[in-house]
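**Student:** Input work36.cif, format and content: mmCIF, C-alpha atoms.
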```cif
data_upload
loop_
_atom_site.label_atom_id
_atom_site.label_comp_id
_atom_site.auth_asym_id
_atom_site.auth_seq_id
_atom_site.Cartn_x
_atom_site.Cartn_y
_atom_site.Cartn_z
CA MET A 1 49.19 4.66 56.22
CA ARG A 2 45.83 6.01 55.19
CA ALA A 3 45.38 9.69 54.75
CA ASP A 4 41.77 10.58 55.20
CA THR A 5 41.70 14.16 56.29
CA GLU A 6 42.93 17.23 54.48
CA GLN A 7 45.47 17.72 57.30
CA GLU A 8 47.00 14.27 56.84
CA ILE A 9 47.29 14.65 53.08
CA LEU A 10 49.02 17.98 53.57
CA LYS A 11 51.44 16.44 56.04
CA THR A 12 52.44 13.67 53.58
CA GLU A 13 52.88 16.18 50.80
CA LEU A 14 55.14 18.34 52.92
CA TRP A 15 57.21 15.32 53.90
CA TRP A 16 57.85 14.35 50.32
CA THR A 17 58.54 17.95 49.35
CA ALA A 18 61.14 18.16 52.09
CA LEU A 19 62.75 14.92 50.91
CA VAL A 20 62.98 16.10 47.30
CA ILE A 21 64.43 19.44 48.39
CA ALA A 22 67.00 17.63 50.53
CA ILE A 23 68.10 15.44 47.60
CA VAL A 24 68.36 18.38 45.19
CA THR A 25 70.28 20.38 47.80
CA ALA A 26 72.71 17.53 48.37
CA ILE A 27 73.40 17.26 44.62
CA MET A 28 73.84 21.01 44.26
CA LEU A 29 76.22 21.08 47.23
CA ALA A 30 78.28 18.31 45.61
CA ILE A 31 78.48 20.34 42.39
CA ILE A 32 79.43 23.50 44.28
CA TYR A 33 82.08 21.56 46.22
CA ALA A 34 83.52 20.16 42.99
CA GLY A 35 83.57 23.63 41.46
CA VAL A 36 85.25 25.38 44.38
CA VAL A 37 87.60 22.69 45.70
CA HIS A 38 88.44 20.55 42.66
CA HIS A 39 88.23 23.34 40.10
CA ILE A 40 85.90 21.40 37.85
CA ASN A 41 84.62 23.87 35.30
CA PRO A 42 83.20 23.82 31.80
CA PRO A 43 85.81 24.13 29.04
CA SER A 44 86.52 27.65 27.89
CA ASN A 45 88.39 26.69 24.75
CA ILE A 46 86.24 26.81 21.64
CA GLU A 47 87.99 25.54 18.56
CA THR A 48 86.22 24.14 15.53
CA ILE A 49 87.39 21.48 13.11
CA ASP A 50 85.69 19.80 10.14
CA PRO A 51 84.77 16.25 11.17
CA LYS A 52 84.33 15.10 7.55
CA THR A 53 87.96 15.71 6.68
CA LEU A 54 89.50 15.06 10.09
CA HIS A 55 91.50 12.11 8.75
CA LEU A 56 92.69 14.01 5.69
CA THR A 57 93.96 17.34 6.89
CA GLY A 58 96.49 18.54 9.38
CA GLU A 59 96.51 17.89 13.04
CA PHE A 60 94.36 14.80 13.48
CA THR A 61 95.72 12.68 10.64
CA GLU A 62 96.57 9.18 11.73
CA SER A 63 100.33 9.60 11.87
CA ASN A 64 100.16 12.78 13.94
CA LEU A 65 98.25 11.21 16.82
CA GLY A 66 99.74 10.32 20.18
CA THR A 67 102.14 12.17 22.46
CA ARG A 68 104.61 14.68 21.14
CA VAL A 69 106.93 17.18 22.77
CA GLU A 70 106.53 20.45 20.93
CA ALA A 71 108.12 23.89 20.91
CA GLY A 72 108.75 25.22 24.40
CA ASP A 73 108.87 21.72 25.92
CA GLN A 74 105.12 21.56 25.66
CA VAL A 75 103.84 17.98 25.93
CA THR A 76 100.78 17.52 23.74
CA SER A 77 98.81 14.34 23.25
CA ARG A 78 96.32 14.04 20.43
CA VAL A 79 93.66 11.37 20.46
CA VAL A 80 90.82 10.63 18.08
CA ALA A 81 87.70 9.01 19.48
CA THR A 82 85.88 7.03 16.84
CA GLN A 83 83.26 4.32 16.88
CA PHE A 84 84.33 2.21 18.82
CA ALA A 85 87.94 2.79 19.76
CA PHE A 86 90.41 5.48 20.63
CA GLN A 87 93.31 6.03 18.32
CA PRO A 88 95.94 5.54 19.66
CA GLN A 89 94.69 3.06 22.23
CA CYS A 90 97.53 3.89 24.62
CA ILE A 91 99.22 7.24 25.19
CA VAL A 92 102.31 7.82 27.29
CA VAL A 93 102.75 11.05 29.30
CA PRO A 94 105.27 12.24 31.90
CA SER A 95 104.22 12.83 35.50
CA ASN A 96 104.48 16.22 37.24
CA ARG A 97 104.53 18.18 34.00
CA THR A 98 101.76 20.12 32.34
CA VAL A 99 100.27 17.98 29.62
CA THR A 100 97.83 19.20 27.00
CA LEU A 101 95.33 16.64 25.81
CA ARG A 102 93.54 17.34 22.56
CA PHE A 103 90.62 15.24 21.37
CA ALA A 104 88.51 15.18 18.23
CA THR A 105 85.98 12.83 16.69
CA PRO A 106 84.92 12.21 13.09
CA ASP A 107 81.59 10.58 13.90
CA VAL A 108 79.37 11.00 16.98
CA ILE A 109 79.54 12.47 20.47
CA HIS A 110 82.00 10.67 22.71
CA GLY A 111 83.39 11.59 26.11
CA ILE A 112 86.38 10.68 28.20
CA LEU A 113 87.54 10.69 31.74
CA VAL A 114 90.87 9.54 33.11
CA THR A 115 90.32 7.61 36.31
CA GLY A 116 91.67 9.24 39.47
CA THR A 117 92.40 12.58 37.78
CA ASN A 118 90.40 15.71 37.02
CA VAL A 119 90.44 15.02 33.27
CA ASN A 120 86.86 14.77 32.07
CA THR A 121 85.47 16.17 28.85
CA MET A 122 82.98 15.52 26.11
CA ILE A 123 84.22 15.08 22.57
CA ILE A 124 81.82 16.63 20.11
CA PRO A 125 82.02 16.35 16.32
CA GLY A 126 83.12 19.66 14.88
CA TYR A 127 85.09 20.79 17.93
CA VAL A 128 88.49 20.14 19.44
CA SER A 129 88.24 19.29 23.14
CA GLN A 130 91.32 20.48 24.98
CA VAL A 131 92.35 19.76 28.56
CA HIS A 132 95.47 20.91 30.40
CA THR A 133 96.42 18.81 33.36
CA VAL A 134 99.28 17.56 35.52
CA PHE A 135 99.38 13.84 36.26
CA THR A 136 100.77 13.15 39.71
CA LYS A 137 100.25 9.40 39.99
CA THR A 138 102.33 7.13 37.78
CA GLY A 139 101.04 3.92 36.27
CA ASP A 140 98.46 2.84 33.74
CA LEU A 141 95.27 4.84 34.08
CA LEU A 142 92.05 3.77 32.46
CA MET A 143 90.42 6.16 30.01
CA PRO A 144 86.94 4.91 29.12
CA CYS A 145 84.39 6.52 26.81
CA HIS A 146 81.70 7.89 29.11
CA GLU A 147 79.18 9.15 26.59
CA PHE A 148 77.02 6.50 24.95
CA CYS A 149 78.22 6.39 21.36
CA GLY A 150 76.65 3.25 19.93
CA LEU A 151 76.52 -0.49 20.34
CA GLY A 152 80.26 -0.88 20.93
CA HIS A 153 80.39 1.84 23.59
CA SER A 154 81.06 -0.51 26.49
CA GLN A 155 84.21 -1.90 24.85
CA MET A 156 85.63 1.52 24.06
CA TRP A 157 88.51 2.42 26.34
CA ALA A 158 92.15 3.45 26.17
CA THR A 159 95.11 3.59 28.52
CA VAL A 160 96.99 6.65 29.74
CA ARG A 161 100.45 5.51 30.79
CA VAL A 162 101.95 8.02 33.23
CA VAL A 163 105.69 7.49 33.61
CA PRO A 164 108.16 9.26 35.95
CA GLU A 165 109.65 12.28 34.24
CA ASP A 166 113.14 10.79 33.93
CA GLN A 167 111.70 7.75 32.19
CA PHE A 168 109.82 9.83 29.62
CA ARG A 169 112.10 9.66 26.61
CA PRO A 170 110.62 10.96 23.39
CA GLY A 171 112.31 10.06 20.11
CA PRO A 172 114.30 12.50 17.98
CA ASP A 173 111.06 13.69 16.35
CA GLY A 174 109.62 14.48 19.80
CA ARG A 175 107.16 11.62 19.68
CA ALA A 176 106.61 9.10 22.45
CA SER A 177 104.45 6.00 22.21
CA CYS A 178 103.57 3.10 24.48
CA ASP A 179 105.17 0.57 22.09
CA ALA A 180 108.57 2.22 22.09
CA ARG A 181 109.17 1.67 25.76
CA MET B 1 33.81 27.43 48.89
CA LYS B 2 33.70 30.70 47.11
CA PRO B 3 36.50 31.67 44.72
CA ALA B 4 37.54 34.46 47.08
CA GLU B 5 38.04 31.99 49.91
CA LEU B 6 40.05 29.67 47.67
CA ARG B 7 42.32 32.52 46.69
CA GLU B 8 42.79 33.32 50.34
CA ILE B 9 43.93 29.73 51.08
CA ASP B 10 46.27 29.85 48.07
CA ARG B 11 47.89 33.12 49.03
CA PRO B 12 50.64 31.94 51.40
CA TRP B 13 51.60 29.16 48.96
CA ARG B 14 51.94 31.61 46.09
CA ILE B 15 54.01 34.00 48.14
CA TRP B 16 56.32 31.35 49.56
CA ALA B 17 56.82 29.61 46.23
CA SER B 18 57.79 32.94 44.66
CA VAL B 19 60.15 33.76 47.50
CA ILE B 20 61.88 30.36 47.22
CA ILE B 21 62.28 30.53 43.45
CA VAL B 22 63.56 34.11 43.52
CA SER B 23 66.05 33.31 46.27
CA ILE B 24 67.35 30.24 44.43
CA LEU B 25 67.77 32.37 41.32
CA ALA B 26 69.54 35.08 43.28
CA PHE B 27 71.84 32.55 44.91
CA SER B 28 72.66 30.98 41.53
CA VAL B 29 73.47 34.34 39.97
CA VAL B 30 75.68 35.40 42.87
CA PHE B 31 77.39 32.05 43.14
CA GLY B 32 77.78 31.26 39.43
CA PHE B 33 78.67 34.73 38.18
CA LEU B 34 80.56 36.14 41.17
CA VAL B 35 81.83 33.60 43.71
CA LEU B 36 82.84 30.73 41.42
CA PRO B 37 84.64 32.90 38.82
CA ILE B 38 86.60 34.69 41.56
CA VAL B 39 87.64 31.45 43.28
CA GLN B 40 88.48 29.58 40.07
CA GLY B 41 89.96 32.63 38.38
CA ARG B 42 92.45 33.05 41.21
CA ALA B 43 93.89 29.61 40.47
CA ALA B 44 94.10 30.42 36.77
CA GLY B 45 95.82 33.76 37.46
CA LEU B 46 92.88 35.97 36.48
CA ASP B 47 91.84 39.05 38.39
CA ALA B 48 88.33 39.11 39.81
CA PHE B 49 86.92 41.54 37.26
CA THR B 50 88.18 39.61 34.21
CA ALA B 51 87.01 36.32 35.70
CA ILE B 52 83.50 37.69 36.26
CA CYS B 53 83.34 39.19 32.77
CA ARG B 54 84.36 35.87 31.30
CA ALA B 55 81.78 33.98 33.35
CA VAL B 56 79.04 36.34 32.25
CA GLY B 57 80.18 36.04 28.65
CA ILE B 58 81.32 39.61 27.99
CA LEU B 59 84.93 38.60 27.49
CA PRO B 60 85.88 35.49 25.50
CA GLY B 61 87.43 32.47 27.28
CA SER B 62 91.00 31.35 26.88
CA PRO B 63 91.95 31.81 23.29
CA ALA B 64 92.84 28.53 21.61
CA VAL B 65 96.56 28.04 21.96
CA LYS B 66 97.78 27.98 18.41
CA GLN B 67 99.16 24.51 17.89
CA PRO B 68 102.01 24.13 15.45
CA THR B 69 100.24 22.66 12.46
CA SER B 70 101.52 19.19 11.98
CA GLU B 71 104.45 18.67 9.73
CA ALA B 72 103.24 15.09 9.72
CA LYS B 73 103.85 13.73 6.29
CA ALA B 74 100.63 11.89 6.56
CA GLN B 75 99.62 9.62 3.78
CA PRO B 76 95.94 9.67 4.65
CA THR B 77 94.48 6.20 5.03
CA THR B 78 91.87 7.13 2.49
CA GLN B 79 90.94 10.14 0.41
CA VAL B 80 87.25 9.55 0.86
CA ALA B 81 85.42 12.17 2.90
CA TRP B 82 81.74 11.52 3.47
CA SER B 83 79.48 14.44 2.78
CA THR B 84 75.72 14.68 2.51
CA ASP B 85 76.07 15.48 -1.20
CA LEU B 86 78.02 12.30 -1.77
CA MET B 87 75.58 10.21 0.27
CA ARG B 88 72.68 11.59 -1.73
CA THR B 89 74.17 10.30 -4.98
CA PHE B 90 73.71 6.68 -3.87
CA GLY B 91 70.17 6.77 -5.08
CA ARG B 92 68.63 4.84 -7.89
CA ARG B 93 69.96 2.00 -9.93
CA THR B 94 70.84 3.23 -13.40
CA GLN B 95 71.42 1.61 -16.76
CA ALA B 96 74.93 3.09 -16.75
CA GLY B 97 75.70 1.23 -13.52
CA ALA B 98 74.59 -2.08 -15.05
CA GLU B 99 76.83 -1.47 -18.04
CA ILE B 100 79.90 -0.77 -15.92
CA ALA B 101 79.08 -3.85 -13.86
CA GLN B 102 79.55 -5.96 -17.00
CA GLY B 103 83.27 -5.42 -16.52
CA CYS B 104 83.13 -7.08 -13.09
CA VAL B 105 81.52 -10.33 -14.23
CA ALA B 106 84.75 -12.31 -14.74
CA CYS B 107 85.79 -12.19 -11.08
CA HIS B 108 82.70 -11.11 -9.15
CA GLY B 109 80.16 -13.22 -11.02
CA GLU B 110 77.31 -12.39 -13.33
CA HIS B 111 75.03 -11.10 -10.57
CA GLY B 112 77.72 -9.91 -8.19
CA ILE B 113 78.16 -13.36 -6.64
CA ALA B 114 81.72 -14.53 -7.12
CA ALA B 115 82.46 -18.08 -8.28
CA ASP B 116 85.96 -18.04 -6.78
CA PRO B 117 85.63 -17.62 -2.98
CA GLN B 118 88.86 -15.62 -2.93
CA ASN B 119 86.92 -12.76 -4.49
CA PRO B 120 84.23 -10.88 -2.60
CA ASN B 121 80.54 -11.03 -3.41
CA LEU B 122 79.26 -7.60 -4.30
CA ALA B 123 75.53 -8.28 -4.54
CA GLY B 124 73.70 -6.65 -1.66
CA GLN B 125 76.80 -4.94 -0.34
CA SER B 126 76.31 -1.38 0.88
CA ALA B 127 76.88 1.25 -1.80
CA ALA B 128 79.02 3.35 0.55
CA ALA B 129 81.31 0.38 1.21
CA ILE B 130 81.80 -0.41 -2.49
CA TYR B 131 82.31 3.27 -3.27
CA LYS B 132 84.98 3.67 -0.61
CA GLN B 133 86.92 0.58 -1.67
CA LEU B 134 86.87 1.50 -5.36
CA HIS B 135 87.88 5.04 -4.51
CA ASP B 136 90.71 3.73 -2.32
CA TYR B 137 91.96 1.45 -5.12
CA LYS B 138 91.90 4.46 -7.41
CA SER B 139 93.81 6.72 -5.02
CA GLY B 140 96.26 3.98 -4.05
CA SER B 141 95.11 3.74 -0.43
CA ARG B 142 94.31 0.09 -1.05
CA VAL B 143 96.38 -1.94 -3.49
CA HIS B 144 95.47 -4.94 -5.60
CA ASP B 145 97.08 -6.19 -8.82
CA VAL B 146 93.84 -6.22 -10.77
CA MET B 147 91.55 -3.80 -8.95
CA THR B 148 93.96 -0.84 -8.90
CA GLY B 149 94.05 -0.73 -12.69
CA ILE B 150 90.30 -1.15 -13.05
CA ALA B 151 89.47 1.54 -10.49
CA GLN B 152 91.87 4.00 -12.09
CA GLY B 153 89.89 3.64 -15.30
CA LEU B 154 86.68 4.75 -13.60
CA GLU B 155 85.47 8.26 -13.06
CA ASP B 156 83.99 9.27 -9.71
CA ARG B 157 80.50 9.29 -11.16
CA GLN B 158 80.95 5.79 -12.57
CA ILE B 159 82.11 4.52 -9.18
CA VAL B 160 78.88 5.82 -7.66
CA GLU B 161 76.81 4.20 -10.42
CA VAL B 162 78.40 0.77 -10.17
CA ALA B 163 78.29 0.84 -6.36
CA THR B 164 74.57 1.65 -6.46
CA HIS B 165 74.04 -1.11 -9.00
CA PHE B 166 75.53 -3.84 -6.84
CA ALA B 167 73.92 -2.51 -3.68
CA SER B 168 70.50 -3.13 -5.13
CA SER B 169 71.27 -6.66 -6.42
CA ALA B 170 69.96 -9.70 -4.56
CA ARG B 171 72.34 -11.28 -2.06
CA ARG B 172 73.73 -14.79 -2.25
CA ASP B 173 71.53 -17.49 -0.75
CA LEU B 174 73.04 -19.17 2.27
CA ASP B 175 73.70 -22.87 2.10
CA PRO B 176 71.17 -24.41 4.51
CA THR B 177 73.48 -27.34 5.28
CA THR B 178 76.12 -25.09 6.87
CA ALA B 179 73.81 -22.59 8.54
CA GLU B 180 73.19 -24.85 11.52
CA VAL B 181 76.72 -24.69 12.92
CA VAL B 182 76.64 -22.88 16.24
CA ASP B 183 79.95 -21.69 17.61
CA GLU B 184 79.33 -20.17 21.04
CA ASP B 185 82.72 -18.42 21.38
CA VAL B 186 82.38 -16.74 18.04
CA ILE B 187 78.79 -15.70 18.65
CA ARG B 188 79.94 -14.05 21.88
CA LEU B 189 82.66 -12.20 19.96
CA VAL B 190 80.17 -11.15 17.29
CA GLU B 191 77.45 -10.00 19.65
CA ARG B 192 79.25 -9.01 22.86
CA GLY B 193 82.89 -8.47 21.94
CA ASP B 194 85.61 -8.96 24.52
CA PRO B 195 85.91 -5.99 26.93
CA SER B 196 89.06 -7.38 28.55
CA ARG B 197 90.91 -7.10 25.25
CA GLY B 198 89.13 -3.90 24.26
CA LEU B 199 87.48 -5.72 21.38
CA PRO B 200 84.14 -4.22 20.37
CA ALA B 201 81.48 -6.63 19.19
CA CYS B 202 81.70 -7.17 15.42
CA ASN B 203 78.01 -6.46 15.10
CA SER B 204 78.28 -3.12 16.87
CA CYS B 205 79.38 -1.86 13.45
CA HIS B 206 78.67 -4.73 11.05
CA GLY B 207 75.25 -5.63 12.39
CA PHE B 208 72.07 -4.68 10.59
CA ASN B 209 71.36 -0.95 11.10
CA ALA B 210 74.09 -0.87 13.75
CA GLY B 211 74.88 2.80 13.25
CA GLY B 212 78.65 2.48 13.02
CA PRO B 213 80.80 4.27 10.42
CA ILE B 214 79.08 4.79 7.07
CA GLU B 215 81.54 2.75 5.03
CA THR B 216 81.16 -0.39 7.17
CA PRO B 217 80.50 -3.30 4.81
CA THR B 218 77.88 -5.98 5.21
CA LEU B 219 79.58 -9.27 6.15
CA SER B 220 76.74 -11.77 5.98
CA HIS B 221 76.67 -13.68 2.69
CA GLN B 222 80.34 -12.88 2.09
CA ASN B 223 82.90 -15.52 1.07
CA ARG B 224 84.81 -17.18 3.89
CA GLU B 225 88.20 -17.16 2.15
CA TYR B 226 87.89 -13.50 1.29
CA LEU B 227 86.90 -12.49 4.83
CA ALA B 228 89.74 -14.45 6.41
CA ARG B 229 92.27 -13.01 3.98
CA GLN B 230 91.16 -9.43 4.67
CA LEU B 231 91.28 -9.90 8.45
CA GLN B 232 94.79 -11.28 8.10
CA ALA B 233 95.75 -8.34 5.90
CA PHE B 234 94.48 -5.89 8.53
CA LYS B 235 96.27 -7.83 11.24
CA THR B 236 99.62 -7.80 9.46
CA ASP B 237 99.25 -4.18 8.33
CA ALA B 238 99.23 -5.25 4.70
CA ARG B 239 95.92 -3.47 4.25
CA ARG B 240 95.64 -0.07 5.89
CA ASN B 241 92.85 1.90 4.30
CA ASP B 242 90.58 1.75 7.36
CA ILE B 243 90.08 5.22 8.80
CA TYR B 244 91.76 5.57 12.22
CA THR B 245 92.81 1.90 12.32
CA ARG B 246 89.27 0.86 13.09
CA MET B 247 89.84 -2.62 11.66
CA ARG B 248 93.60 -2.91 12.14
CA SER B 249 93.26 -2.27 15.86
CA VAL B 250 90.63 -5.00 16.06
CA ALA B 251 92.29 -7.57 13.81
CA VAL B 252 95.63 -7.34 15.57
CA LYS B 253 93.99 -8.60 18.77
CA LEU B 254 92.36 -11.61 17.10
CA THR B 255 94.09 -14.99 17.02
CA ASP B 256 94.45 -16.82 13.70
CA ARG B 257 91.96 -19.38 14.95
CA GLU B 258 89.43 -16.68 15.78
CA ILE B 259 89.86 -15.15 12.34
CA GLU B 260 89.08 -18.50 10.70
CA ARG B 261 86.03 -19.04 12.88
CA LEU B 262 84.71 -15.49 12.41
CA ALA B 263 85.07 -15.81 8.65
CA THR B 264 83.18 -19.11 8.74
CA PHE B 265 80.49 -17.60 10.92
CA TYR B 266 79.75 -14.69 8.64
CA ALA B 267 79.95 -16.78 5.47
CA THR B 268 77.57 -19.46 6.71
CA THR B 269 75.28 -17.96 9.31
CA LEU B 270 72.50 -15.51 8.80
CA SER B 271 73.18 -13.00 11.55
CA TYR B 272 70.92 -10.28 10.24
#
```
Rewrite the structure from the file as structure tokens, please.
**Tutor:**
Amino acid sequence: MRADTEQEILKTELWWTALVIAIVTAIMLAIIYAGVVHHINPPSNIETIDPKTLHLTGEFTESNLGTRVEAGDQVTSRVVATQFAFQPQCIVVPSNRTVTLRFATPDVIHGILVTGTNVNTMIIPGYVSQVHTVFTKTGDLLMPCHEFCGLGHSQMWATVRVVPEDQFRPGPDGRASCDAR
Amino acid sequence: MKPAELREIDRPWRIWASVIIVSILAFSVVFGFLVLPIVQGRAAGLDAFTAICRAVGILPGSPAVKQPTSEAKAQPTTQVAWSTDLMRTFGRRTQAGAEIAQGCVACHGEHGIAADPQNPNLAGQSAAAIYKQLHDYKSGSRVHDVMTGIAQGLEDRQIVEVATHFASSARRDLDPTTAEVVDEDVIRLVERGDPSRGLPACNSCHGFNAGGPIETPTLSHQNREYLARQLQAFKTDARRNDIYTRMRSVAVKLTDREIERLATFYATTLSY
């Protein structure tokens, strides 16, 4: 189509403007829907941690990772995202119970989502990312890294194994792992 | 056209653009600071006023739930913590480094190129890698009959000096007669990894300028026997000084045959 007159040019411009506005509106509506119906919201928990000494001190040392039942029957799972794997690579959690997931990274920005659930967070060096959720579906759920973290990013994924509550049997120290079952 | 006429044509555009922007802003403020907090706050058990205050930023968000600090009797995999100060020390080659390196000649060769392929070549290895391994021998995170004793005799400063010394030495020449061997399966593992097994490509960390963890060693020009032995040690958990099981988790998924072929690949092929 040739646009020769001022009128025709204006018409084309308005068309494209309308199209862009429609696309932006559709995206905004999707975000609003997610916010109101699915309760997707930015994390409100700000907790800092030193990424340099993550492997040396306290909570995120290698042997403290994975699922653990803590005081008050609180199920907490700790995972470290590092280039290019999650540690541990499989976590086991009970279904229909509030589970707290805590993530940290010693190197670069990572991110996770658990397929089919509302768990979705970035993992930023220097901060602990915390998510509370209730898993309703049982089975092995895929947890890929969704924030480009380097050349091995596409092979970086872990498994969240959701088991029925009566089959969730932590050991005497409160820990539960995928291997033990 | 005169400027006055142009302004007249522009007028409705200016007015409507302003109206649209202001109304979008107003909608965002009302929705983001009033509607969304009230709706989401209800589910979290917050009253409307608190929810709005938290959305605006007047009140802090959920306080971090104090986690019971781990009673984990963790033997850290390594005592090394990378800091910018430490990284800065890997600077220039010093005479002191060359003198300490004299003590390495018997096993690692005169110029850091080992005669016995069971021992690693050090020439051209990254300073951070050598530093971490020596430090781990010293702290007991990695154990070796000979190296533990040697590392314990070195001060931190000396470890830095000797690591810098070897890092700036020339690497071993590859044998041109073996460099031709092309092993498609292994090249795929090295360059692409195996997503179905969750195996990252070796070169995503070990490749040239790959940007993986700082302590990642250079593998090209290394001895085949040494590489194979280390992969086996990671696989069987005999060696466990890799932070967050980065290598153990990889090695445990490799077959013995793959370990042999990977070791051959890196020892004979110039990959970077």
**Student:** Do you know which residues the PyMOL selection byres ((chain A and resi 79) around 7) returns on this file, as number ranges by chain?
**Tutor:** A: 65-66, 77-78, 80-81, 86-88, 102-104
**Student:** With distances taken over only C-alpha atoms, which residue among A:Gly111, A:Pro42, A:Pro164, A:Gly126 lies nearest chain B?
**Tutor:**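 Of all the options, A:Pro42 lies closest to chain B.
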**Student:** Of the candidates A:Asp50, A:Val69, A:Thr5, A:Gln83, which shows the shortest atom-to-atom distance to A:Glu147, using all atoms listed in the file?
**Tutor:**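 Nearest to A:Glu147: A:Gln83.
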**Student:** Work out how far apart atom CA of B:Cys107 and atom CA of B:Tyr226 are and give it in Å to one decimal.
**Tutor:** 12.6 Å
**Student:** Check every residue of chain A for an atom within 7 Å of chain B, counting all atoms listed in the file, and provide those that qualify as a VMD selection string.
**Tutor:** chain A and resid 36 39 44 to 47 52 to 53 55 to 56 58 to 59 61 to 64 83 to 84 87 150 to 152 155 to 157
**Student:** Mind giving me the straight-line distance from atom CA of B:Met87 to atom CA of B:Ile150 in Å, one decimal?
**Tutor:**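 Between these atoms lies a distance of 22.9 Å.
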**Student:** Rounded to one decimal place, report the atom CA of B:Leu59-atom CA of A:Val99 distance in Å.
**Tutor:**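 Separation of atom CA of B:Leu59 and atom CA of A:Val99: 25.8 Å.
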**Student:** Build an axis-aligned box that encloses every atom of stretch 76-95 of chain A listed in the file, pad it by 3 Å on each side, and report its centre and edge lengths in Å to one decimal, as JSON.
**Tutor:**
```
{"center_x": 94.3, "center_y": 9.9, "center_z": 26.2, "size_x": 28.0, "size_y": 21.3, "size_z": 24.7}
```
**Student:** From the options A:Glu165, A:Asp4, A:Asp179, A:Glu70, which residue's atoms come nearest to A:Arg97, counting all atoms listed in the file?
**Tutor:** A:Glu165
**Student:** Could you build a table of the residues in stretch 140-220 of chain B lying no more than 12 Å from stretch 115-121 of chain B, giving for each the nearest pair of atoms and their separation in Å rounded to one decimal place, using all atoms listed in the file, ordered by chain and ascending residue number, as a Markdown table?
**Tutor:**
```
| residue | atom | partner | partner_atom | distance |
| --- | --- | --- | --- | --- |
| B:His144 | CA | B:Asn119 | CA | 11.6 |
| B:Val146 | CA | B:Asn119 | CA | 11.4 |
| B:Met147 | CA | B:Asn119 | CA | 11.0 |
| B:Phe166 | CA | B:Asn121 | CA | 9.4 |
| B:Ala167 | CA | B:Asn121 | CA | 10.8 |
| B:Ser169 | CA | B:Asn121 | CA | 10.7 |
| B:Ala170 | CA | B:Asn121 | CA | 10.7 |
| B:Arg171 | CA | B:Asn121 | CA | 8.3 |
| B:Arg172 | CA | B:Asn121 | CA | 7.9 |
| B:Asp173 | CA | B:Asn121 | CA | 11.4 |
| B:Pro217 | CA | B:Pro120 | CA | 11.2 |
| B:Thr218 | CA | B:Asn121 | CA | 10.3 |
| B:Leu219 | CA | B:Asn121 | CA | 9.8 |
| B:Ser220 | CA | B:Asn121 | CA | 10.2 |
```
**Student:** Nearest residue to A:His38 out of A:Gly72, A:Thr117, A:Val160, A:Pro172, using all atoms listed in the file?
**Tutor:**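 Counting all atoms listed in the file, the residue closest to A:His38 is A:Thr117.
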**Student:** Using all atoms listed in the file, can you tell me which of A:Val163, A:Thr121, A:Val114, A:Gln130 comes closest to A:Met143?
**Tutor:**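 Smallest separation from A:Met143 among the options: A:Val114.
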**Student:** Where does the PyMOL selection byres ((chain A and resi 175) around 7) land in this file, that is, which residues does it pick, as a PDB file with C-alpha atoms, keeping the file's coordinate frame?
**Tutor:**
```
ATOM      1  CA  THR A  67     102.140  12.170  22.460  1.00  0.00           C
ATOM      2  CA  ARG A  68     104.610  14.680  21.140  1.00  0.00           C
ATOM      3  CA  VAL A  69     106.930  17.180  22.770  1.00  0.00           C
ATOM      4  CA  PRO A 170     110.620  10.960  23.390  1.00  0.00           C
ATOM      5  CA  GLY A 171     112.310  10.060  20.110  1.00  0.00           C
ATOM      6  CA  ASP A 173     111.060  13.690  16.350  1.00  0.00           C
ATOM      7  CA  GLY A 174     109.620  14.480  19.800  1.00  0.00           C
ATOM      8  CA  ALA A 176     106.610   9.100  22.450  1.00  0.00           C
ATOM      9  CA  SER A 177     104.450   6.000  22.210  1.00  0.00           C
TER      10      SER A 177
END
```
**Student:** Looking at B:Arg92, B:Gly149, B:Ile113, B:Asp185, which one is nearest to B:His165, with distances taken over all atoms listed in the file?
**Tutor:** B:Arg92
